[in-house]
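Text of the file work-v3.pdb, holding PDB, C-alpha atoms and all ligand atoms:
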ATOM      1  CA  MET A   1      73.326  61.952  82.292
ATOM      2  CA  ASN A   2      73.261  58.745  84.312
ATOM      3  CA  LYS A   3      73.983  55.505  82.541
ATOM      4  CA  LEU A   4      70.817  54.251  80.863
ATOM      5  CA  ASP A   5      71.244  50.694  81.997
ATOM      6  CA  SER A   6      67.815  50.028  83.502
ATOM      7  CA  LEU A   7      64.179  50.808  82.720
ATOM      8  CA  GLU A   8      64.081  52.891  85.878
ATOM      9  CA  SER A   9      66.930  55.124  84.717
ATOM     10  CA  LEU A  10      65.353  55.340  81.284
ATOM     11  CA  TYR A  11      62.071  56.616  82.726
ATOM     12  CA  GLN A  12      63.956  59.088  84.894
ATOM     13  CA  ALA A  13      65.664  60.420  81.784
ATOM     14  CA  PHE A  14      62.226  60.990  80.160
ATOM     15  CA  ASP A  15      61.344  63.626  82.733
ATOM     16  CA  GLY A  16      64.409  65.769  82.181
ATOM     17  CA  LEU A  17      63.919  65.795  78.422
ATOM     18  CA  SER A  18      60.146  66.228  78.412
ATOM     19  CA  VAL A  19      59.543  63.089  76.417
ATOM     20  CA  GLU A  20      57.315  60.110  77.072
ATOM     21  CA  GLY A  21      57.456  56.529  75.831
ATOM     22  CA  GLY A  22      54.546  55.415  73.663
ATOM     23  CA  TRP A  23      54.566  52.168  75.678
ATOM     24  CA  TYR A  24      54.705  53.997  79.013
ATOM     25  CA  ARG A  25      52.071  56.741  78.945
ATOM     26  CA  ARG A  26      50.470  58.306  81.979
ATOM     27  CA  THR A  27      47.212  58.507  80.032
ATOM     28  CA  PRO A  28      46.240  56.742  76.797
ATOM     29  CA  ALA A  29      46.357  58.752  73.569
ATOM     30  CA  LEU A  30      44.072  56.577  71.455
ATOM     31  CA  TRP A  31      40.789  54.815  72.165
ATOM     32  CA  PRO A  32      38.383  52.778  70.052
ATOM     33  CA  GLU A  33      35.501  55.267  69.833
ATOM     34  CA  PRO A  34      34.540  58.719  71.189
ATOM     35  CA  ARG A  35      34.661  58.807  74.968
ATOM     36  CA  LYS A  36      31.795  60.013  77.106
ATOM     37  CA  ASN A  37      33.437  63.145  78.444
ATOM     38  CA  PHE A  38      30.918  65.968  78.261
ATOM     39  CA  VAL A  39      27.493  64.923  79.544
ATOM     40  CA  PRO A  40      24.036  65.338  78.042
ATOM     41  CA  PHE A  41      22.353  68.143  79.970
ATOM     42  CA  ARG A  42      19.341  70.462  79.864
ATOM     43  CA  TRP A  43      19.129  74.046  81.099
ATOM     44  CA  ARG A  44      15.571  75.171  81.861
ATOM     45  CA  TYR A  45      14.616  78.626  80.651
ATOM     46  CA  ALA A  46      12.127  78.777  83.551
ATOM     47  CA  ASP A  47      15.027  78.347  86.034
ATOM     48  CA  VAL A  48      17.351  80.833  84.376
ATOM     49  CA  LYS A  49      14.913  83.622  83.488
ATOM     50  CA  PRO A  50      14.355  84.794  87.116
ATOM     51  CA  ILE A  51      18.141  84.944  87.561
ATOM     52  CA  LEU A  52      18.555  87.006  84.402
ATOM     53  CA  ASP A  53      15.721  89.269  85.565
ATOM     54  CA  ALA A  54      17.366  89.733  88.976
ATOM     55  CA  ALA A  55      20.676  90.471  87.247
ATOM     56  CA  GLY A  56      18.698  93.014  85.248
ATOM     57  CA  HIS A  57      18.067  94.881  88.499
ATOM     58  CA  LEU A  58      21.314  94.187  90.319
ATOM     59  CA  VAL A  59      23.835  94.445  87.501
ATOM     60  CA  ASP A  60      24.041  97.676  85.588
ATOM     61  CA  HIS A  61      24.317  96.946  81.895
ATOM     62  CA  ALA A  62      27.148  99.437  81.499
ATOM     63  CA  MET A  63      29.096  97.371  84.010
ATOM     64  CA  ALA A  64      28.061  93.979  82.663
ATOM     65  CA  ASP A  65      28.839  94.805  79.009
ATOM     66  CA  ARG A  66      26.960  91.642  78.088
ATOM     67  CA  ARG A  67      24.330  90.483  80.589
ATOM     68  CA  ASN A  68      24.577  86.818  79.846
ATOM     69  CA  LEU A  69      24.705  83.516  81.679
ATOM     70  CA  THR A  70      26.887  80.898  80.048
ATOM     71  CA  MET A  71      25.857  77.259  80.353
ATOM     72  CA  THR A  72      28.691  75.177  81.771
ATOM     73  CA  ASN A  73      28.557  71.470  81.067
ATOM     74  CA  PRO A  74      28.616  69.859  84.548
ATOM     75  CA  VAL A  75      31.414  67.435  83.729
ATOM     76  CA  GLU A  76      34.336  67.356  86.160
ATOM     77  CA  GLY A  77      37.126  69.723  85.243
ATOM     78  CA  ASN A  78      35.067  71.836  82.832
ATOM     79  CA  LEU A  79      34.800  75.514  83.706
ATOM     80  CA  TYR A  80      33.243  76.971  80.590
ATOM     81  CA  ALA A  81      32.135  74.939  77.576
ATOM     82  CA  THR A  82      28.583  73.673  76.967
ATOM     83  CA  VAL A  83      29.842  70.943  74.644
ATOM     84  CA  ARG A  84      33.513  70.447  73.714
ATOM     85  CA  SER A  85      33.541  72.953  70.833
ATOM     86  CA  MET A  86      30.809  75.452  71.718
ATOM     87  CA  VAL A  87      29.425  77.559  74.524
ATOM     88  CA  ALA A  88      25.799  78.655  74.884
ATOM     89  CA  ALA A  89      24.542  81.598  76.935
ATOM     90  CA  TYR A  90      21.224  83.189  77.833
ATOM     91  CA  GLN A  91      21.257  86.943  77.370
ATOM     92  CA  LEU A  92      18.883  89.736  78.414
ATOM     93  CA  ILE A  93      18.681  93.286  77.084
ATOM     94  CA  LYS A  94      16.212  95.641  78.718
ATOM     95  CA  PRO A  95      14.494  98.628  77.093
ATOM     96  CA  GLY A  96      16.898 101.504  76.481
ATOM     97  CA  GLU A  97      20.046  99.437  77.039
ATOM     98  CA  THR A  98      23.006  99.146  74.708
ATOM     99  CA  ALA A  99      25.718  96.489  74.596
ATOM    100  CA  ASP A 100      28.727  98.223  73.042
ATOM    101  CA  ALA A 101      30.407  97.029  69.860
ATOM    102  CA  HIS A 102      33.247  94.547  69.987
ATOM    103  CA  ARG A 103      34.663  91.857  67.743
ATOM    104  CA  HIS A 104      36.381  88.551  68.310
ATOM    105  CA  THR A 105      37.628  85.609  66.306
ATOM    106  CA  PRO A 106      34.963  83.255  67.705
ATOM    107  CA  ASN A 107      31.882  82.915  65.492
ATOM    108  CA  ALA A 108      28.563  83.661  67.167
ATOM    109  CA  LEU A 109      24.855  83.282  66.559
ATOM    110  CA  ARG A 110      21.749  84.273  68.468
ATOM    111  CA  ILE A 111      18.407  82.487  68.696
ATOM    112  CA  ILE A 112      15.714  84.897  69.868
ATOM    113  CA  LEU A 113      13.265  83.642  72.510
ATOM    114  CA  GLU A 114      11.175  86.648  73.555
ATOM    115  CA  GLY A 115      10.825  90.382  73.065
ATOM    116  CA  LYS A 116      10.686  92.838  70.183
ATOM    117  CA  GLY A 117      12.347  96.199  69.623
ATOM    118  CA  THR A 118      15.921  94.996  70.134
ATOM    119  CA  TYR A 119      18.429  95.378  67.323
ATOM    120  CA  THR A 120      21.817  93.892  66.642
ATOM    121  CA  VAL A 121      24.326  95.781  64.512
ATOM    122  CA  VAL A 122      26.728  93.491  62.646
ATOM    123  CA  ASP A 123      29.470  95.170  60.595
ATOM    124  CA  GLY A 124      27.352  98.295  60.121
ATOM    125  CA  THR A 125      24.051  96.576  59.293
ATOM    126  CA  ARG A 126      21.297  96.993  61.880
ATOM    127  CA  VAL A 127      18.618  94.283  62.004
ATOM    128  CA  GLU A 128      15.770  93.800  64.433
ATOM    129  CA  MET A 129      15.765  90.571  66.435
ATOM    130  CA  ARG A 130      12.324  89.016  66.764
ATOM    131  CA  PRO A 131      11.250  85.766  68.471
ATOM    132  CA  GLY A 132      12.253  82.688  66.444
ATOM    133  CA  ASP A 133      14.810  84.625  64.391
ATOM    134  CA  VAL A 134      18.402  83.444  64.193
ATOM    135  CA  LEU A 135      21.083  86.130  63.718
ATOM    136  CA  LEU A 136      24.701  85.488  62.748
ATOM    137  CA  THR A 137      27.865  87.234  63.859
ATOM    138  CA  PRO A 138      30.703  85.716  61.819
ATOM    139  CA  SER A 139      34.269  85.703  63.113
ATOM    140  CA  TRP A 140      35.773  89.194  63.488
ATOM    141  CA  ALA A 141      32.535  91.068  62.631
ATOM    142  CA  TRP A 142      31.822  94.115  64.816
ATOM    143  CA  HIS A 143      28.637  93.624  66.819
ATOM    144  CA  SER A 144      26.576  95.604  69.291
ATOM    145  CA  HIS A 145      23.017  95.176  70.547
ATOM    146  CA  SER A 146      20.531  97.806  71.666
ATOM    147  CA  SER A 147      16.896  98.126  72.568
ATOM    148  CA  ASN A 148      14.697 101.081  71.723
ATOM    149  CA  GLY A 149      11.459  99.187  72.334
ATOM    150  CA  ASN A 150       9.589  98.585  75.572
ATOM    151  CA  GLU A 151      10.007  94.816  75.936
ATOM    152  CA  ASP A 152      12.740  92.825  77.646
ATOM    153  CA  CYS A 153      14.511  90.764  75.015
ATOM    154  CA  TYR A 154      15.827  87.282  75.838
ATOM    155  CA  TRP A 155      17.901  85.136  73.558
ATOM    156  CA  VAL A 156      20.336  82.224  73.405
ATOM    157  CA  ASP A 157      23.870  82.870  72.129
ATOM    158  CA  VAL A 158      25.944  80.024  70.710
ATOM    159  CA  LEU A 159      29.647  80.600  70.044
ATOM    160  CA  ASP A 160      32.623  78.443  69.054
ATOM    161  CA  VAL A 161      34.761  79.961  71.844
ATOM    162  CA  PRO A 162      35.952  76.579  73.244
ATOM    163  CA  LEU A 163      37.147  75.574  69.772
ATOM    164  CA  VAL A 164      39.030  78.862  69.474
ATOM    165  CA  HIS A 165      40.551  78.222  72.918
ATOM    166  CA  LEU A 166      41.725  74.802  71.754
ATOM    167  CA  MET A 167      43.228  76.175  68.557
ATOM    168  CA  GLU A 168      44.866  79.167  70.331
ATOM    169  CA  GLY A 169      43.282  81.575  67.835
ATOM    170  CA  MET A 170      41.696  84.122  70.174
ATOM    171  CA  PHE A 171      41.703  87.812  69.285
ATOM    172  CA  PHE A 172      39.234  90.264  70.843
ATOM    173  CA  GLU A 173      38.860  94.027  70.785
ATOM    174  CA  ARG A 174      36.365  96.654  71.832
ATOM    175  CA  HIS A 175      35.276  99.257  69.303
ATOM    176  CA  PRO A 176      37.300 102.458  69.868
ATOM    177  CA  ASP A 177      34.119 104.590  69.541
ATOM    178  CA  LYS A 178      31.964 102.167  71.607
ATOM    179  CA  LEU A 179      29.515 101.884  68.692
ATOM    180  CA  GLU A 180      30.025 101.711  64.941
ATOM    181  CA  PRO A 181      29.652 105.233  63.509
ATOM    182  CA  ASP A 182      27.907 104.350  60.218
ATOM    183  CA  VAL A 183      24.877 102.110  60.444
ATOM    184  CA  VAL A 184      22.428 101.052  57.715
ATOM    185  CA  ASP A 185      19.042  99.515  58.585
ATOM    186  CA  ALA A 186      17.988  96.282  56.897
ATOM    187  CA  ASP A 187      15.097  93.941  57.465
ATOM    188  CA  SER A 188      16.360  91.255  55.169
ATOM    189  CA  SER A 189      20.042  90.373  55.385
ATOM    190  CA  PRO A 190      22.275  87.324  54.903
ATOM    191  CA  ILE A 191      22.938  87.424  58.662
ATOM    192  CA  ALA A 192      19.241  87.137  59.586
ATOM    193  CA  PHE A 193      17.098  84.001  59.318
ATOM    194  CA  ARG A 194      13.545  85.165  59.933
ATOM    195  CA  TRP A 195      11.152  82.913  61.818
ATOM    196  CA  GLU A 196       8.397  83.324  59.224
ATOM    197  CA  ASP A 197      10.852  82.264  56.470
ATOM    198  CA  THR A 198      11.960  79.244  58.518
ATOM    199  CA  LEU A 199       8.311  78.200  59.064
ATOM    200  CA  ALA A 200       7.584  78.579  55.348
ATOM    201  CA  ALA A 201      10.652  76.507  54.415
ATOM    202  CA  LEU A 202       9.679  73.783  56.919
ATOM    203  CA  ALA A 203       6.155  73.690  55.449
ATOM    204  CA  VAL A 204       7.494  72.642  52.043
ATOM    205  CA  ALA A 205      10.465  70.523  53.202
ATOM    206  CA  ALA A 206      10.562  66.762  52.693
ATOM    207  CA  PRO A 207      10.895  64.505  55.763
ATOM    208  CA  PRO A 208      14.629  64.206  56.562
ATOM    209  CA  ALA A 209      16.294  60.868  55.698
ATOM    210  CA  HIS A 210      17.757  60.485  59.210
ATOM    211  CA  GLY A 211      14.284  60.522  60.784
ATOM    212  CA  MET A 212      15.313  62.897  63.594
ATOM    213  CA  ALA A 213      12.473  65.357  62.989
ATOM    214  CA  GLU A 214       9.190  65.471  61.111
ATOM    215  CA  ARG A 215      10.683  68.230  58.940
ATOM    216  CA  GLU A 216      14.125  69.850  58.870
ATOM    217  CA  VAL A 217      15.742  72.743  57.021
ATOM    218  CA  GLU A 218      19.313  73.935  57.165
ATOM    219  CA  LEU A 219      19.773  77.651  57.873
ATOM    220  CA  GLY A 220      22.788  78.636  55.762
ATOM    221  CA  ASN A 221      25.141  76.170  54.144
ATOM    222  CA  PRO A 222      26.670  76.162  56.670
ATOM    223  CA  ALA A 223      25.553  79.211  58.679
ATOM    224  CA  LEU A 224      29.076  79.854  59.979
ATOM    225  CA  ARG A 225      32.381  78.281  59.017
ATOM    226  CA  THR A 226      32.434  76.241  62.214
ATOM    227  CA  VAL A 227      28.750  75.960  63.145
ATOM    228  CA  ALA A 228      25.832  74.475  61.194
ATOM    229  CA  LEU A 229      22.226  75.351  62.006
ATOM    230  CA  HIS A 230      19.210  73.146  61.435
ATOM    231  CA  ALA A 231      15.629  74.135  62.239
ATOM    232  CA  GLN A 232      13.485  71.127  63.087
ATOM    233  CA  ARG A 233       9.728  70.675  63.366
ATOM    234  CA  PHE A 234       7.987  67.888  65.295
ATOM    235  CA  ASN A 235       4.262  67.205  65.244
ATOM    236  CA  ALA A 236       2.516  66.270  68.509
ATOM    237  CA  GLY A 237       3.240  62.612  69.249
ATOM    238  CA  PHE A 238       6.285  62.499  66.976
ATOM    239  CA  CYS A 239       8.939  59.976  67.995
ATOM    240  CA  SER A 240      12.216  60.289  66.126
ATOM    241  CA  ALA A 241      14.713  57.658  65.044
ATOM    242  CA  LEU A 242      17.582  56.814  67.384
ATOM    243  CA  TYR A 243      20.698  58.482  66.071
ATOM    244  CA  ARG A 244      24.265  59.342  66.893
ATOM    245  CA  THR A 245      26.815  61.569  65.246
ATOM    246  CA  THR A 246      30.372  62.629  65.961
ATOM    247  CA  ALA A 247      29.179  66.245  65.732
ATOM    248  CA  ASN A 248      28.541  67.987  69.062
ATOM    249  CA  SER A 249      25.105  69.591  69.260
ATOM    250  CA  ILE A 250      23.258  72.266  71.211
ATOM    251  CA  PHE A 251      19.461  72.302  70.814
ATOM    252  CA  THR A 252      17.318  75.338  71.624
ATOM    253  CA  VAL A 253      13.569  74.803  71.998
ATOM    254  CA  ILE A 254      11.737  77.574  70.137
ATOM    255  CA  GLN A 255       8.256  76.222  70.819
ATOM    256  CA  GLY A 256       6.523  73.176  72.283
ATOM    257  CA  ARG A 257       7.395  70.486  74.799
ATOM    258  CA  GLY A 258       8.609  66.939  74.825
ATOM    259  CA  ARG A 259      11.590  64.861  75.839
ATOM    260  CA  THR A 260      14.886  63.630  74.526
ATOM    261  CA  VAL A 261      16.081  60.168  75.489
ATOM    262  CA  VAL A 262      19.869  60.086  75.392
ATOM    263  CA  ASP A 263      21.890  57.013  76.357
ATOM    264  CA  GLY A 264      18.730  55.746  78.057
ATOM    265  CA  GLU A 265      18.289  58.876  80.205
ATOM    266  CA  THR A 266      15.162  61.016  79.708
ATOM    267  CA  ILE A 267      15.440  64.799  79.526
ATOM    268  CA  GLU A 268      12.154  66.735  79.510
ATOM    269  CA  TRP A 269      12.119  70.043  77.675
ATOM    270  CA  ALA A 270       9.892  73.038  77.033
ATOM    271  CA  MET A 271      10.068  76.366  75.199
ATOM    272  CA  GLY A 272      13.347  78.201  75.793
ATOM    273  CA  ASP A 273      15.255  75.215  77.171
ATOM    274  CA  VAL A 274      18.737  74.393  75.909
ATOM    275  CA  ILE A 275      19.938  70.792  75.563
ATOM    276  CA  ALA A 276      23.557  69.692  75.141
ATOM    277  CA  ILE A 277      24.075  66.455  73.213
ATOM    278  CA  PRO A 278      27.805  65.665  73.098
ATOM    279  CA  ALA A 279      29.431  63.658  70.312
ATOM    280  CA  TRP A 280      28.441  60.034  69.734
ATOM    281  CA  ARG A 281      25.625  59.920  72.288
ATOM    282  CA  ALA A 282      22.645  57.954  70.962
ATOM    283  CA  TYR A 283      19.507  60.085  71.261
ATOM    284  CA  ARG A 284      15.954  60.431  70.064
ATOM    285  CA  HIS A 285      13.325  63.142  70.438
ATOM    286  CA  GLU A 286       9.640  62.816  71.353
ATOM    287  CA  ALA A 287       7.218  65.728  71.107
ATOM    288  CA  ASP A 288       4.033  66.113  73.206
ATOM    289  CA  ALA A 289       2.867  69.194  71.307
ATOM    290  CA  GLU A 290       3.849  70.699  67.988
ATOM    291  CA  SER A 291       7.465  71.673  68.632
ATOM    292  CA  PHE A 292      10.316  73.522  66.963
ATOM    293  CA  MET A 293      14.001  73.323  67.819
ATOM    294  CA  VAL A 294      17.130  74.863  66.384
ATOM    295  CA  ARG A 295      20.156  72.596  66.425
ATOM    296  CA  ALA A 296      23.588  74.245  66.410
ATOM    297  CA  SER A 297      26.393  71.776  65.738
ATOM    298  CA  ASP A 298      30.086  71.635  64.881
ATOM    299  CA  GLU A 299      29.279  69.528  61.800
ATOM    300  CA  PRO A 300      31.256  71.845  59.446
ATOM    301  CA  VAL A 301      34.404  71.310  61.529
ATOM    302  CA  MET A 302      33.942  67.546  61.696
ATOM    303  CA  ARG A 303      33.255  67.393  57.967
ATOM    304  CA  ALA A 304      36.267  69.566  57.093
ATOM    305  CA  ILE A 305      38.651  67.305  59.009
ATOM    306  CA  GLY A 306      37.081  64.099  57.679
ATOM    307  CA  MET A 307      35.604  63.062  61.027
ATOM    308  CA  LEU A 308      31.876  63.363  60.507
ATOM    309  CA  ARG A 309      30.297  59.963  61.145
ATOM    310  CA  GLU A 310      26.577  59.477  61.638
ATOM    311  CA  GLU A 311      24.462  56.449  62.310
ATOM    312  CA  VAL A 312      20.722  55.814  62.492
ATOM    313  CA  MET A 313      20.408  53.016  65.025
ATOM    314  CA  ARG A 314      17.949  50.358  66.042
ATOM    315  CA  GLN A 315      15.318  51.607  68.534
ATOM    316  CA  SER A 316      16.843  49.732  71.442
ATOM    317  CA  VAL A 317      17.892  52.491  73.835
TER     318      VAL A 317
HETATM  319  C1  LIG B   1      29.565  87.601  73.327
HETATM  320  O1  LIG B   1      30.446  88.446  72.761
HETATM  321  C2  LIG B   1      28.198  87.864  73.254
HETATM  322  O2  LIG B   1      28.425  89.779  71.894
HETATM  323  C3  LIG B   1      27.307  86.979  73.835
HETATM  324  O3  LIG B   1      26.468  89.323  72.650
HETATM  325  C4  LIG B   1      27.736  85.851  74.498
HETATM  326  C5  LIG B   1      29.534  84.441  75.277
HETATM  327  C6  LIG B   1      30.863  84.175  75.373
HETATM  328  C7  LIG B   1      31.792  85.024  74.821
HETATM  329  C8  LIG B   1      31.393  86.156  74.136
HETATM  330  C9  LIG B   1      27.663  89.067  72.540
HETATM  331  C10 LIG B   1      29.096  85.580  74.612
HETATM  332  C11 LIG B   1      30.026  86.455  74.021
END
When written as structure tokens, how does the structure in this file appear?
Ligand code: 1HN
Amino acid sequence: MNKLDSLESLYQAFDGLSVEGGWYRRTPALWPEPRKNFVPFRWRYADVKPILDAAGHLVDHAMADRRNLTMTNPVEGNLYATVRSMVAAYQLIKPGETADAHRHTPNALRIILEGKGTYTVVDGTRVEMRPGDVLLTPSWAWHSHSSNGNEDCYWVDVLDVPLVHLMEGMFFERHPDKLEPDVVDADSSPIAFRWEDTLAALAVAAPPAHGMAEREVELGNPALRTVALHAQRFNAGFCSALYRTTANSIFTVIQGRGRTVVDGETIEWAMGDVIAIPAWRAYRHEADAESFMVRASDEPVMRAIGMLREEVMRQSV
């Protein structure tokens, strides 16, 4: 090694040893509050549905395995995630189709938008997926989907895949028999939150303290180890508090229309739309008609590592 008799020689020595000086970083490691990396964004169901339908004709389901369109946050350098920890996808299953069983360490959930007669099988339990229902596929559970009805079925998947990427914990395998051999039918199951049950729970819920919805109920406690689910109801004309949280959120509009103002930018939404609200962005919701949304967030992760911070703010944005 050269003599370390100047700063220049010192910094040269860093490279060979794969070390870096805390006072001489290429990029900072600490900053005062969450950075605005991922951007708030809305995907319109009306834009995506024709593409899914065309894929329904052009892409054989046997080839596609899962006919889904993932929603990539349009921030520079991102190729996959919807928010930092989660990915959302629109998926279509047509009558008579089957998506073969597989399992993976990422946790998954599905929020059904349209269509009846499609079933998901999770670890041997087969449940129908109906509009407004939310179905869970916990980490490492076998899951397949199939339709024996006559309606196209559209839903939104939310998974913690980007978190699993970060933590290097990915395992994935296809079922050796393509489908699970022993299946039991169930209408009520811990993996299924039925829309009629959610509506009934919202009808008797108290207004939430944070003021972000007229009524709110949590589905599960939490629904998955890494993802919390909250169903929210807004009456026509409702204007929420202004709020921010360190949790990253993905909203799916089950019914209604309105707008979300986030960091001063207005995002209009309608039934079936998906809205990404990254960590620590101040936002509020306004509803033009009676509306329902399901919020999927990484709150359980943030809470577990002691990093959940929330704030109801002044209405200044
Ligand atoms: C997945 O396994 C499904 O099983 C849906 O239906 C969406 C998005 C990313 C990675 C895996 C499914 C997915 C997915």
Chain A residues near ligand LIG 1 (chain B) within 8 Å, closest pair each, using all atoms listed in the file, as CSV:
residue,atom,partner,partner_atom,distance
A:Arg66,CA,B:LIG1,O3,5.9
A:Asn68,CA,B:LIG1,C4,6.3
A:Thr70,CA,B:LIG1,C5,6.5
A:Val87,CA,B:LIG1,C6,6.8
A:Ala88,CA,B:LIG1,C5,6.9
A:Ala89,CA,B:LIG1,C4,5.9
A:Tyr90,CA,B:LIG1,C4,7.8
A:Gln91,CA,B:LIG1,C3,7.0
A:Ala99,CA,B:LIG1,O3,7.5
A:Ala101,CA,B:LIG1,O2,7.8
A:His102,CA,B:LIG1,O2,7.0
A:Arg103,CA,B:LIG1,O1,7.4
A:His104,CA,B:LIG1,O1,7.4
A:Pro106,CA,B:LIG1,C8,7.9
A:Ala108,CA,B:LIG1,C1,7.4
A:His143,CA,B:LIG1,O2,6.4
A:Ser144,CA,B:LIG1,O2,6.6
A:His145,CA,B:LIG1,O3,7.1
A:Asp157,CA,B:LIG1,C4,5.4
A:Val158,CA,B:LIG1,C4,7.2
A:Leu159,CA,B:LIG1,C5,6.5
A:Val161,CA,B:LIG1,C7,6.6
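Atom CA of Glu218 of chain A is positioned 15.4 Å from atom CA of Arg303 of chain A.
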For atom CA of Gly77 of chain A and atom CA of Arg110 of chain A, the interatomic separation in Å (one decimal): 27.0 Å
Picked residues, the PyMOL selection byres (((chain A and resi 11) around 12) and not hetatm), as an NGL selection string: :A and (2-10 or 12-26)
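The two atoms in question, atom CA of Pro32 of chain A and atom CA of Leu166 of chain A, are spaced 22.3 Å apart.
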Resolved residues for the PyMOL selection byres (((chain A and resi 128) around 8) and not hetatm) as a PyMOL selection string: chain A and resi 116-120+126-127+129-130+187
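Within 9 Å of Glu76 of chain A, once all atoms listed in the file are used and residues closer than 3 positions along the same chain are dropped, the contacting residues are Asn37, Phe38, Asn73 and Leu79 of chain A.
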Dump C-alpha atoms for the selected residues as a short mmCIF file (atom, residue, chain, number, x, y, z; two decimals), in the frame of the given file?
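Resulting contents of selection_29.cif:
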data_model
loop_
_atom_site.label_atom_id
_atom_site.label_comp_id
_atom_site.auth_asym_id
_atom_site.auth_seq_id
_atom_site.Cartn_x
_atom_site.Cartn_y
_atom_site.Cartn_z
CA ASN A 37 33.44 63.14 78.44
CA PHE A 38 30.92 65.97 78.26
CA ASN A 73 28.56 71.47 81.07
CA LEU A 79 34.80 75.51 83.71
#
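Residue neighbourhood of Tyr154 of chain A, excluding near-sequence residues (fewer than 3 positions): Gln91, Leu92, Leu113 and Glu114 of chain A, at 6 Å, using all atoms listed in the file.
Every protein or nucleic acid residue with an atom no more than 7 Å from Glu216 of chain A, counting only C-alpha atoms and leaving out same-chain residues fewer than 5 positions away, appears here: A:Leu202, A:Ala205, A:Pro207, A:Pro208, A:His230, A:Ala231, A:Gln232, A:Arg233.
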Expected selection from the PyMOL selection byres (((chain A and resi 245) around 10) and not hetatm), given as a PyMOL selection string: chain A and resi 243-244+246-249+277-283+299+302+307-312
Distance query Ile250 of chain A at most 8 Å, all atoms listed in the file, self and fewer than 4 positions along chain excluded, as number ranges by chain: A: 82-83, 88, 274-277, 295-297
How close does segment 122-173 of chain A get to segment 290-293 of chain A? List, as JSON lines, each residue of segment 122-173 of chain A within 12 Å, its nearest atom pair and the distance in Å to one decimal, counting all atoms listed in the file.
{"residue": "A:Gly132", "atom": "CA", "partner": "A:Phe292", "partner_atom": "CA", "distance": 9.4}
{"residue": "A:Asp133", "atom": "CA", "partner": "A:Met293", "partner_atom": "CA", "distance": 11.8}
{"residue": "A:Val134", "atom": "CA", "partner": "A:Met293", "partner_atom": "CA", "distance": 11.6}
Nearby residues, (18.4, 97.2, 53.6) file frame, 12 Å, all atoms listed in the file, as a ChimeraX atom specification: /A:124-128,183-192
Given all atoms listed in the file as the counted atoms, nearest of A:Asn235, A:Asn150, A:Thr98, A:Thr137 to Leu179 of chain A: A:Thr98
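Between Arg314 of chain A and the candidates A:Ile267, A:Val301, A:Leu229, A:Leu242, the tightest atom-to-atom separation, counting only C-alpha atoms, involves A:Leu242.
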Just segment 265-274 of chain A from the block, N, CA, C and O atoms, as a JSON list (two decimals), in the first residue's frame, could you?
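Done, and the output landed in result27.json:
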[["chain", "number", "residue", "atom", "x", "y", "z"],
["A", 265, "GLU", "N", -51.29, 18.75, -4.95],
["A", 265, "GLU", "CA", -51.66, 18.29, -6.29],
["A", 265, "GLU", "C", -52.98, 17.52, -6.20],
["A", 265, "GLU", "O", -53.17, 16.73, -5.26],
["A", 266, "THR", "N", -53.89, 17.76, -7.16],
["A", 266, "THR", "CA", -55.20, 17.11, -7.10],
["A", 266, "THR", "C", -55.26, 15.89, -8.02],
["A", 266, "THR", "O", -54.92, 15.98, -9.20],
["A", 267, "ILE", "N", -55.69, 14.78, -7.45],
["A", 267, "ILE", "CA", -55.82, 13.53, -8.20],
["A", 267, "ILE", "C", -57.30, 13.14, -8.18],
["A", 267, "ILE", "O", -57.86, 12.88, -7.12],
["A", 268, "GLU", "N", -57.94, 13.13, -9.34],
["A", 268, "GLU", "CA", -59.35, 12.72, -9.41],
["A", 268, "GLU", "C", -59.42, 11.20, -9.44],
["A", 268, "GLU", "O", -58.54, 10.55, -10.02],
["A", 269, "TRP", "N", -60.45, 10.65, -8.83],
["A", 269, "TRP", "CA", -60.58, 9.18, -8.87],
["A", 269, "TRP", "C", -62.03, 8.75, -9.02],
["A", 269, "TRP", "O", -62.96, 9.50, -8.73],
["A", 270, "ALA", "N", -62.18, 7.53, -9.52],
["A", 270, "ALA", "CA", -63.50, 6.92, -9.70],
["A", 270, "ALA", "C", -63.37, 5.42, -9.43],
["A", 270, "ALA", "O", -62.25, 4.92, -9.24],
["A", 271, "MET", "N", -64.50, 4.73, -9.46],
["A", 271, "MET", "CA", -64.54, 3.30, -9.13],
["A", 271, "MET", "C", -63.45, 2.51, -9.89],
["A", 271, "MET", "O", -63.28, 2.67, -11.10],
["A", 272, "GLY", "N", -62.71, 1.72, -9.16],
["A", 272, "GLY", "CA", -61.71, 0.85, -9.76],
["A", 272, "GLY", "C", -60.31, 1.46, -9.84],
["A", 272, "GLY", "O", -59.35, 0.75, -10.13],
["A", 273, "ASP", "N", -60.21, 2.75, -9.60],
["A", 273, "ASP", "CA", -58.90, 3.41, -9.68],
["A", 273, "ASP", "C", -58.03, 3.02, -8.48],
["A", 273, "ASP", "O", -58.54, 2.66, -7.40],
["A", 274, "VAL", "N", -56.74, 3.09, -8.69],
["A", 274, "VAL", "CA", -55.76, 2.77, -7.64],
["A", 274, "VAL", "C", -54.88, 4.01, -7.44],
["A", 274, "VAL", "O", -54.41, 4.61, -8.40]]
